[in-house]
Each structure stands twice: as structure tokens, then as C-alpha cells.
$ cat start_4.txt   # compact mmCIF, C-alpha atoms and all ligand atoms
# COMPACT_ATOMS: atom_id res chain seq x y z
CA MET A 1 -52.44 3.54 -20.63
CA PRO A 2 -50.82 1.04 -18.27
CA SER A 3 -47.74 2.20 -16.46
CA PHE A 4 -44.57 0.14 -16.65
CA ARG A 5 -43.10 2.03 -13.77
CA PRO A 6 -43.80 -0.55 -11.03
CA ILE A 7 -42.33 -3.31 -13.21
CA LEU A 8 -39.26 -1.20 -13.92
CA LEU A 9 -38.80 -0.46 -10.23
CA LEU A 10 -39.13 -4.16 -9.45
CA LEU A 11 -36.46 -4.97 -12.06
CA VAL A 12 -34.11 -2.37 -10.61
CA ALA A 13 -34.72 -3.73 -7.12
CA CYS A 14 -33.94 -7.27 -8.30
CA LEU A 15 -30.75 -6.08 -9.99
CA LEU A 16 -29.66 -4.18 -6.90
CA SER A 17 -30.31 -7.12 -4.59
CA SER A 18 -28.40 -9.47 -6.87
CA THR A 19 -25.35 -7.16 -6.95
CA ALA A 20 -25.66 -6.68 -3.18
CA GLN A 21 -25.04 -10.43 -2.84
CA ALA A 22 -21.43 -9.95 -3.93
CA SER A 23 -20.02 -10.98 -0.58
CA LEU A 24 -16.33 -10.32 -1.13
CA ILE A 25 -15.23 -6.71 -0.75
CA ILE A 26 -11.69 -5.91 -1.86
CA SER A 27 -9.93 -2.70 -0.91
CA LYS A 28 -6.57 -1.56 -2.21
CA GLU A 29 -4.14 0.70 -0.39
CA VAL A 30 -0.86 1.97 -1.86
CA SER A 31 1.33 3.50 0.79
CA GLY A 32 4.55 5.34 -0.05
CA LEU A 33 6.79 7.45 2.12
CA PRO A 34 5.59 8.84 5.42
CA SER A 35 4.58 12.48 5.54
CA ARG A 36 2.88 14.83 7.87
CA LEU A 37 -0.44 16.00 6.47
CA ALA A 38 0.39 18.17 3.49
CA LEU A 39 -1.79 19.64 0.78
CA SER A 40 -1.12 18.10 -2.63
CA ASP A 41 -1.57 19.81 -6.00
CA SER A 42 -5.09 18.43 -6.29
CA GLY A 43 -5.97 20.15 -3.02
CA ARG A 44 -6.35 16.86 -1.16
CA TYR A 45 -4.48 15.85 1.94
CA GLU A 46 -2.22 12.93 1.25
CA ARG A 47 -0.61 10.87 3.94
CA ASN A 48 1.84 8.56 2.23
CA PRO A 49 2.79 9.86 -1.21
CA VAL A 50 4.18 7.33 -3.67
CA VAL A 51 7.68 8.48 -4.65
CA ARG A 52 9.89 7.34 -7.55
CA GLY A 53 12.79 5.20 -6.35
CA ALA A 54 11.24 4.65 -2.89
CA ASP A 55 9.52 1.47 -1.74
CA ALA A 56 5.72 1.57 -1.68
CA THR A 57 3.62 -1.04 0.09
CA VAL A 58 0.49 -2.34 -1.61
CA THR A 59 -2.11 -3.86 0.68
CA LEU A 60 -5.15 -5.68 -0.62
CA THR A 61 -7.75 -6.49 2.00
CA LEU A 62 -10.41 -9.10 1.28
CA PHE A 63 -13.47 -8.85 3.50
CA ASN A 64 -16.22 -11.46 3.60
CA ALA A 65 -19.23 -9.18 4.00
CA GLY A 66 -21.67 -11.96 3.15
CA ASP A 67 -23.28 -14.58 5.37
CA LYS A 68 -21.63 -17.64 3.82
CA LEU A 69 -18.16 -19.09 3.79
CA ILE A 70 -16.00 -17.95 0.86
CA GLU A 71 -13.73 -20.62 -0.62
CA ASN A 72 -11.02 -21.19 -3.24
CA VAL A 73 -9.98 -17.56 -3.51
CA VAL A 74 -7.45 -16.59 -6.16
CA ILE A 75 -6.63 -12.88 -6.26
CA VAL A 76 -4.46 -11.13 -8.86
CA ASP A 77 -3.52 -7.47 -9.19
CA LYS A 78 -2.22 -6.74 -12.70
CA SER A 79 -1.46 -3.08 -11.97
CA PHE A 80 2.12 -3.76 -10.95
CA LYS A 81 3.09 -6.09 -13.79
CA ASP A 82 4.51 -3.25 -15.90
CA THR A 83 8.22 -3.63 -15.12
CA ALA A 84 9.04 -0.32 -16.81
CA ALA A 85 6.88 1.41 -14.21
CA TYR A 86 7.53 -0.77 -11.16
CA THR A 87 10.18 -3.10 -9.79
CA LEU A 88 8.79 -5.78 -7.50
CA VAL A 89 10.84 -5.58 -4.30
CA SER A 90 9.20 -8.28 -2.18
CA GLY A 91 6.08 -10.40 -2.08
CA LYS A 92 3.84 -11.18 -5.05
CA PRO A 93 0.84 -9.35 -6.52
CA SER A 94 -1.22 -12.53 -6.35
CA ALA A 95 -2.34 -14.99 -3.69
CA LYS A 96 -4.58 -17.94 -2.92
CA PHE A 97 -6.71 -18.38 0.18
CA ALA A 98 -8.46 -21.66 0.89
CA SER A 99 -11.30 -19.91 2.69
CA ILE A 100 -12.48 -16.68 4.30
CA ALA A 101 -14.99 -16.97 7.13
CA VAL A 102 -18.01 -14.68 7.44
CA ASN A 103 -16.91 -11.25 8.68
CA ALA A 104 -13.24 -12.19 8.42
CA ASN A 105 -10.49 -10.41 6.47
CA ARG A 106 -7.45 -11.64 4.63
CA THR A 107 -4.69 -9.39 3.45
CA LEU A 108 -2.15 -9.60 0.67
CA THR A 109 0.86 -7.31 0.97
CA PHE A 110 3.75 -6.73 -1.41
CA VAL A 111 6.34 -4.03 -1.98
CA VAL A 112 7.06 -2.24 -5.26
CA ARG A 113 9.51 0.48 -6.25
CA PRO A 114 8.18 2.94 -8.85
CA ASN A 115 10.60 3.75 -11.68
CA VAL A 116 8.64 6.60 -13.23
CA VAL A 117 6.99 9.90 -12.31
CA GLY A 118 3.35 10.69 -13.17
CA GLY A 119 0.06 8.86 -13.27
CA VAL A 120 0.37 5.11 -13.81
CA ARG A 121 -2.82 3.27 -14.78
CA ASP A 122 -4.31 1.28 -11.93
CA TYR A 123 -6.37 -1.82 -12.65
CA PRO A 124 -8.83 -3.32 -10.20
CA ALA A 125 -7.54 -6.39 -8.39
CA VAL A 126 -9.61 -9.40 -9.46
CA ALA A 127 -10.61 -12.25 -7.18
CA GLU A 128 -12.21 -15.49 -8.32
CA TYR A 129 -13.86 -17.49 -5.56
CA THR A 130 -16.71 -19.84 -4.79
CA VAL A 131 -19.67 -19.65 -2.43
CA GLU A 132 -21.39 -23.02 -1.95
CA LYS A 133 -19.54 -24.24 -5.06
CA THR A 134 -20.90 -21.37 -7.20
CA PRO A 135 -18.07 -19.47 -8.92
CA LYS A 136 -18.02 -15.71 -8.37
CA THR A 137 -15.80 -12.76 -9.21
CA ALA A 138 -15.06 -9.61 -7.22
CA TYR A 139 -13.10 -6.48 -8.14
CA SER A 140 -11.45 -3.83 -6.04
CA ALA A 141 -12.62 -0.29 -6.68
CA SER A 142 -10.20 1.16 -9.23
CA LYS A 143 -8.17 4.18 -8.30
CA GLY A 144 -7.92 5.02 -12.02
CA ALA A 145 -4.28 5.92 -11.70
CA ILE A 146 -1.57 5.91 -9.10
CA SER A 147 0.19 9.23 -8.88
CA ILE A 148 3.96 8.94 -8.49
CA ILE A 149 5.97 12.02 -7.56
CA SER A 150 9.70 12.74 -7.73
CA GLN A 151 11.99 12.73 -4.70
CA ARG A 152 12.42 16.47 -5.15
CA ASP A 153 8.68 17.12 -5.04
CA TYR A 154 8.40 14.87 -2.04
CA ALA A 155 11.11 16.80 -0.19
CA ALA A 156 9.56 20.12 -1.17
CA ASN A 157 5.93 19.30 -0.40
CA PHE A 158 5.65 16.41 1.99
CA ALA A 159 8.74 16.07 4.17
CA GLN A 160 8.36 18.74 6.78
CA ASN A 161 11.18 20.86 8.15
CA GLY A 162 11.17 18.84 11.34
CA ASP A 163 12.04 15.69 9.41
CA LYS A 164 14.74 17.48 7.42
CA TRP A 165 16.32 18.78 10.63
CA THR A 166 16.28 15.32 12.14
CA LEU A 167 18.07 13.93 9.09
CA PHE A 168 20.56 16.83 9.11
CA LEU A 169 21.21 16.31 12.79
CA LEU A 170 21.72 12.57 12.36
CA ALA A 171 24.05 13.18 9.42
CA SER A 172 26.11 15.74 11.33
CA VAL A 173 26.28 13.57 14.45
CA ALA A 174 27.55 10.69 12.31
CA ALA A 175 30.03 12.96 10.50
CA ALA A 176 31.38 14.51 13.72
CA GLY A 177 30.96 11.42 15.85
CA ILE A 178 32.97 8.93 13.79
CA PRO A 179 36.28 10.91 13.81
CA PHE A 180 35.70 11.64 17.51
CA TYR A 181 35.21 7.93 18.24
CA LEU A 182 38.34 7.01 16.25
CA HIS A 183 40.33 9.69 18.09
CA GLN A 184 39.07 8.46 21.46
CA THR A 185 39.94 4.82 20.81
CA ALA A 186 43.35 5.81 19.46
CA ALA A 187 43.97 7.98 22.52
CA GLU A 188 42.89 5.14 24.80
CA GLY A 189 45.27 2.83 22.95
CA ILE A 190 48.17 5.24 23.55
CA GLN A 191 47.20 5.61 27.20
CA GLY A 192 47.07 1.84 27.56
CA ASP A 193 50.53 1.49 25.99
CA LYS A 194 51.88 4.11 28.37
CA VAL A 195 50.43 2.26 31.36
CA LYS A 196 52.00 -1.00 30.18
CA ALA A 197 55.36 0.72 29.66
CA GLN A 198 55.47 1.96 33.22
C1 LIG B 1 -12.87 -6.93 8.48
O1 LIG B 1 -12.95 -5.69 7.79
C2 LIG B 1 -14.21 -5.06 7.90
C3 LIG B 1 -14.19 -3.85 6.98
O2 LIG B 1 -13.08 -3.05 7.18
C4 LIG B 1 -14.50 -4.72 9.34
O3 LIG B 1 -15.75 -4.10 9.45
C5 LIG B 1 -14.47 -6.01 10.16
O4 LIG B 1 -14.63 -5.71 11.51
C6 LIG B 1 -13.17 -6.76 9.96
N1 LIG B 1 -13.25 -8.03 10.65
C7 LIG B 1 -12.29 -8.47 11.45
C8 LIG B 1 -12.53 -9.80 12.08
O5 LIG B 1 -11.27 -7.85 11.67
$ encode --input "start_4.txt" --output "C-alpha cells"
Amino acid sequence: MPSFRPILLLLVACLLSSTAQASLIISKEVSGLPSRLALSDSGRYERNPVVRGADATVTLTLFNAGDKLIENVVIVDKSFKDTAAYTLVSGKPSAKFASIAVNANRTLTFVVRPNVVGGVRDYPAVAEYTVEKTPKTAYSASKGAISIISQRDYAANFAQNGDKWTLFLLASVAAAGIPFYLHQTAAEGIQGDKVKAQ
């Protein structure tokens, strides 16, 4: 009985090499508030948790990993279109680039403010482009969902005591410093008046 295995392997190899030709690699980064390394519920270390009511920066990086010029790029990220979940603060979740040279990167950055807590569905960013006039499509790897936490959880789990003390210190300096400053300037005013009177 003849074996179809070599043919199958050849087919798989062809498939793999054709997908490997996708020359545009898109990565998506959603960066919330700064934190020292802290262990999240899922047991992973998270650096910049996304917090409700706080600005989060979305960065899409487009990398030409192929060996030909990429042209006529139109990229759209639909994940942040849900206005119940996000308010767009600045920038736009879409962009056009005339070209991306071999080995070069282009970035698209915009700022959103999450309005909800929990997992919000994340869609891959989609880029349409051409290589030697042939239309192609690339997708960013999907995160599945973006996890948004409350300010309280952020304070409890991610903002370390050091940061809280800094804030407390700044707040108390401002609270104590402003009346002191007003008193000083008033006192100087009185002194000045006295000098003039003499
Ligand atoms: C573009 O990004 C890729 C992947 O992160 C990196 O390997 C490459 O060095 C970058 N190229 C430039 C010109 O920065």
C-alpha cells in the first residue's frame, strides 16, 4: 500500500512556508498605571495594570519582517470602539502608512480611559497592505480579553507602600506648605509696610 505520508508532509511544508511569507508582524501593548512588580490574581507578574478611570496607552507596532517593501498600510483596531467600555482620550485607533522598509517599524499610539471593571473582549488589530502590488492582510495576536481592575484593587495590589508614602508626603507638604507660604508673604508685606512707615 502506497504511503501518502511524504505527500502530506510536503503539503504541510508548503502551507507553513506560505504563512511564513506574511511579512508584517503586528504587536499590541496596553499599558495602564505604573506599578512595581506585583503578583496578580492569575499568579502572573504584571507591570502596568489597566485601571478603570485611569488613562491607558495602546501601542501597536508594525514590523516589516519580510525582505520586500511594504506599502499602502491601513491598520485598524476595533477593540476600543465600544464607548461603554472605553473613552478615547487622545489619538485614533487607526492609521495609514505609505510604506514600511525592510526591518523597519512603525508605531501607532493612542490613549483610552476604561469605564468598566472586568475582562473586555480584545480583537486583533487588522492591517491591509500591499507587497509588490499584491494585497495582503496581517493580524496582531489577540490577547483574548483586556483585564481592567478597579482603583481600589490597584491601590491594594499594585501601588506599593513607597508610592503611597510619596503621595502622602506630597499631599501633606502641599497642605502645610500653602498656609505657611501665605503667612510668610503676609508677614513680609507687614514688614515692608513698617519699613516704609519709618
Ligand atoms: C523593529 O522591531 C523588531 C522586532 O521587535 C526588531 O527586531 C528590529 O530591530 C526593529 N527595527 C528597528 C529598525 O528598530
$ residues_near_ligand --input "start_4.txt" --ligand "ligand LIG 1 (chain B)" --cutoff "8 Å" --atoms "all atoms listed in the file" --output "PyMOL selection string"
chain A and resi 61-65+103-105
$ residues_around --input "start_4.txt" --residues "A:Ser35" --least-positions-apart "2" --cutoff "7 Å" --atoms "only C-alpha atoms" --output "list in words"
Leu33, Leu37, Arg47, Asn48, Phe158 and Ala159 of chain A
$ residues_around --input "start_4.txt" --residues "stretch 112-119 of chain A" --least-positions-apart "6" --cutoff "12 Å" --atoms "all atoms listed in the file" --output "ChimeraX atom specification"
/A:30-33,49-59,79-93,143-154
$ atom_distance --input "start_4.txt" --atom1 "atom CA of A:Lys78" --atom2 "atom CA of A:Ala98"
21.1 Å
$ residues_around --input "start_4.txt" --residues "A:Arg106" --least-positions-apart "4" --cutoff "12 Å" --atoms "all atoms listed in the file" --output "list in words"
Leu24, Ile25, Ile26, Ser27, Thr59, Leu60, Thr61, Leu62, Phe63, Asn64, Ile70, Val73, Val74, Ile75, Ala95, Lys96, Phe97, Ala98, Ser99, Ile100, Ala101 and Val102 of chain A
$ atom_distance --input "start_4.txt" --atom1 "atom CA of A:Asn72" --atom2 "atom CA of A:Val111"
24.4 Å
$ atom_distance --input "start_4.txt" --atom1 "atom CA of A:Asp77" --atom2 "atom CA of A:Glu132"
24.8 Å
$ axis_aligned_box --input "start_4.txt" --around "stretch 99-110 of chain A" --padding-each-side "5 Å" --output "lines of an AutoDock Vina configuration file"
center_x = -7.1
center_y = -13.3
center_z = 3.6
size_x = 31.8
size_y = 23.2
size_z = 20.1
$ residues_around --input "start_4.txt" --residues "A:Val126" --least-positions-apart "4" --cutoff "8 Å" --atoms "only C-alpha atoms" --output "PDB file with C-alpha atoms, keeping the file's coordinate frame"
ATOM      1  CA  ILE A  75      -6.630 -12.880  -6.260  1.00  0.00           C
ATOM      2  CA  VAL A  76      -4.460 -11.130  -8.860  1.00  0.00           C
ATOM      3  CA  ASP A  77      -3.520  -7.470  -9.190  1.00  0.00           C
ATOM      4  CA  THR A 137     -15.800 -12.760  -9.210  1.00  0.00           C
ATOM      5  CA  ALA A 138     -15.060  -9.610  -7.220  1.00  0.00           C
ATOM      6  CA  TYR A 139     -13.100  -6.480  -8.140  1.00  0.00           C
ATOM      7  CA  SER A 140     -11.450  -3.830  -6.040  1.00  0.00           C
TER       8      SER A 140
END
